[in-house]
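Take a look at the structure set out below.
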Amino acid sequence: MAITSHDVARLAGVSQPTVSRALRDDSRVSAATREKVRQAAQALNYVPSEAGRTLSTRSTRRIGVIVTDLTNPFYPHVVAPLHDELQLLGYRMMLLTERSDEAVAEEKLLDQSLDGVVLATATTDSALPAQLDRRGMPYVFLNRDTGGRGDYASVVDNEGGGRLVAHELAGLGHRRIAGIFGAANTTTGRERELGFRLALADAGIGLPEDRVVRGAFEYETGYRALPHLLGAAKTPTAVFCGNDVVAIGVLNAALAAGLRVPDDLTVIGFDDLPMAAWEVFRLTTVRHDLRELSRQAARLLVRRIDGEADPKGERLVLPTEFVPRATHARLP
């Protein structure tokens with residue numbers, strides 16, 4: 001007869017549910033008990049049945065993570081710590097990459113094969129959150145959310161980060177300032193622009209539309225935007241970019257145009273990706289804790305799955321800080 005988890009429980013002197021929790025490294029089981037269960041399982045040559053576990057608990061211990069723009073260097077830096085934290089919590093991660101949220105909804109998310117979902121590239125007009133709500137599928141937003149009440153999200157103080165950049169530029173004497181912001185249907189784009197505009201206004205500095213570009217958070221957006229901005233009525237002396245990837249596009253466009261950074265043009269990014277510190281860029285930017293952004297998203301989702309999250313929603317906001325490097329300068 002096949003060895004079961006009940007046999008392991010009898011040999012280890014614990015309950016069958018304790019065996020299940022111990023073998024998935026549940027932190028609620030002491031290290032000593034986990035080791036005792038592992039030794040009993042090894043002695044009996046017991047291998048847990050994933051199918052049996054799913055049937056008995058109605059839980060797959062799998063989390064789906066939707067990323068619609070995996071080519072963006074930002075996402076590998078949040079997906080890796082998300083995977084690690086979910087593993088520590090006893091879950092496996094399934095990465096789902098499609099061109100839009102809706103493309104994965106019916107087939108892969110709503111067929112009861114997942115315990116929860118992380119939405120990493122959500123837009124404010126996405127129908128997927130409402131679909132998940134109707135089906136009772138727990139989910140959290142990572143980095144972006146809808147901006148509405150009731151969200152479960154791990155996000156950054158985008159508005160505060162935008163304010164930091166505006167204060168710095170005003171203090172450096174810049175008055176002709178441009179902005180290359182994210183798409184209008186992303187909370188990251190909207191909030192960074194809002195904070196930037198409000199702080200500029202406080203300093204008596206305008207941001208006319210001919211010095212504003214909005215687009216995807218990608219290299220091409222920055223590279224293509226700079227020539228447009230250089231054609232404005234008053235050429236900007238500084239550009240705030242919606243993220244580091246856009247900023248790197250601007251740096252390359254400036255080089256192609258014969259501009260010296262920061263002597264002719266100040267360029268500031270957002271996120272502080274590891275590549276921003278490379279000597280080839282030494283990008284001045286806004287930093288937040290990328291790893292903690294992911295870790296707190298994982299913990300929030302598991303609490304929601306376990307029914308321990310606030311039923312009114314939880315929006316966890318990470319602080320930002322200004323990181324001065326080599327792409328900003330004071331006006332003479």
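To be explicit about the labels: the chains of the structure tokens are called A, B, and onward in the order shown, and within each one the residues are counted from 1, while ligands get numbers from 1 in the order they are shown.
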
*Determine, counting only C-alpha atoms, which protein, DNA and RNA residues have an atom within 12 Å of an atom of Arg315 of chain A; residues of the same chain fewer than 4 positions away are not included. Present the result as a ChimeraX atom specification.*
/A:140-157,293,296-297,300-301,309-311

Once you count only C-alpha atoms, what closest atom pair and distance in Å to one decimal does each residue of segment 59-103 of chain A within 9 Å of segment 263-277 of chain A have, with rows by chain and rising residue number, as CSV?
residue,atom,partner,partner_atom,distance
A:Pro73,CA,A:Leu273,CA,8.1
A:Phe74,CA,A:Leu273,CA,6.8
A:His77,CA,A:Leu273,CA,7.8

Residues of segment 21-232 of chain A in helix (DSSP H, G or I), written as number ranges by chain: A: 21-23, 31-43, 50-57, 76-88, 102-109, 128-135, 158-171, 187-202, 209-211, 219-230

Non-local contacts of His83 of chain A (10 Å; only C-alpha atoms; under 2 positions in same chain excluded) as a list of chain:residue names
A:Ile63, A:Val65, A:Val78, A:Val79, A:Ala80, A:Pro81, A:Glu85, A:Leu86, A:Gln87, A:Leu88, A:Leu89, A:Tyr91, A:Arg92, A:Met93, A:Met94, A:Leu95, A:Ser294, A:Arg295, A:Ala298

Within 6 Å of Tyr219 of chain A using only C-alpha atoms, minus same-chain residues under 4 positions, as JSON, numbers by chain = {"A": [245, 246, 249]}

Since we have the selection now, will you write its residues out, keeping all heavy atoms, as an mmCIF file, in the first residue's frame?
data_model
loop_
_atom_site.group_PDB
_atom_site.id
_atom_site.type_symbol
_atom_site.label_atom_id
_atom_site.label_comp_id
_atom_site.auth_asym_id
_atom_site.auth_seq_id
_atom_site.Cartn_x
_atom_site.Cartn_y
_atom_site.Cartn_z
ATOM 1 N N VAL A 245 14.440 53.728 -17.282
ATOM 2 C CA VAL A 245 14.551 53.229 -18.650
ATOM 3 C C VAL A 245 14.302 54.354 -19.645
ATOM 4 O O VAL A 245 15.026 54.512 -20.636
ATOM 5 C CB VAL A 245 13.576 52.062 -18.880
ATOM 6 C CG1 VAL A 245 13.672 51.556 -20.308
ATOM 7 C CG2 VAL A 245 13.851 50.928 -17.900
ATOM 8 N N VAL A 246 13.282 55.166 -19.387
ATOM 9 C CA VAL A 246 13.015 56.336 -20.226
ATOM 10 C C VAL A 246 14.203 57.291 -20.175
ATOM 11 O O VAL A 246 14.624 57.850 -21.192
ATOM 12 C CB VAL A 246 11.727 57.041 -19.769
ATOM 13 C CG1 VAL A 246 11.555 58.379 -20.496
ATOM 14 C CG2 VAL A 246 10.510 56.153 -19.998
ATOM 15 N N GLY A 249 16.994 56.316 -22.378
ATOM 16 C CA GLY A 249 16.685 56.694 -23.756
ATOM 17 C C GLY A 249 17.000 58.150 -24.022
ATOM 18 O O GLY A 249 17.528 58.519 -25.083
#

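Atom to atom, atom CA of Tyr46 of chain A and atom CA of Thr4 of chain A stand 7.0 Å apart.
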
From the DSSP assignment of the backbone, select every residue of segment 67-180 of chain A that is strand (DSSP E), and format the answer as an mmCIF file with C-alpha atoms, in the first residue's frame.
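Below is the file that was written, selection-v6.cif:
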data_model
loop_
_atom_site.group_PDB
_atom_site.id
_atom_site.type_symbol
_atom_site.label_atom_id
_atom_site.label_comp_id
_atom_site.auth_asym_id
_atom_site.auth_seq_id
_atom_site.Cartn_x
_atom_site.Cartn_y
_atom_site.Cartn_z
ATOM 1 C CA ARG A 92 4.968 28.483 -6.063
ATOM 2 C CA MET A 93 4.912 31.299 -8.579
ATOM 3 C CA MET A 94 3.617 31.047 -12.141
ATOM 4 C CA LEU A 95 4.694 33.902 -14.405
ATOM 5 C CA LEU A 96 2.049 34.814 -16.985
ATOM 6 C CA GLY A 116 -4.210 34.165 -5.903
ATOM 7 C CA VAL A 117 -2.885 36.640 -8.432
ATOM 8 C CA VAL A 118 -0.345 39.474 -8.466
ATOM 9 C CA LEU A 119 -1.106 42.196 -11.018
ATOM 10 C CA TYR A 139 -5.300 39.455 -5.877
ATOM 11 C CA VAL A 140 -2.963 42.333 -5.125
ATOM 12 C CA PHE A 141 -1.465 45.103 -7.215
ATOM 13 C CA LEU A 142 2.313 45.425 -7.431
ATOM 14 C CA TYR A 152 -4.941 45.747 -2.099
ATOM 15 C CA ALA A 153 -1.628 47.102 -3.320
ATOM 16 C CA SER A 154 2.091 47.425 -2.717
ATOM 17 C CA VAL A 155 3.131 50.709 -4.315
ATOM 18 C CA VAL A 156 5.615 53.564 -4.139
ATOM 19 C CA ILE A 177 11.842 72.151 -17.327
ATOM 20 C CA ALA A 178 10.353 69.258 -19.331
ATOM 21 C CA GLY A 179 8.659 66.029 -18.295
ATOM 22 C CA ILE A 180 8.463 62.649 -20.017
#

*What is the atom CA of Arg197 of chain A to atom CA of Val323 of chain A distance in Å?*
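Separation of atom CA of Arg197 of chain A and atom CA of Val323 of chain A: 19.8 Å.
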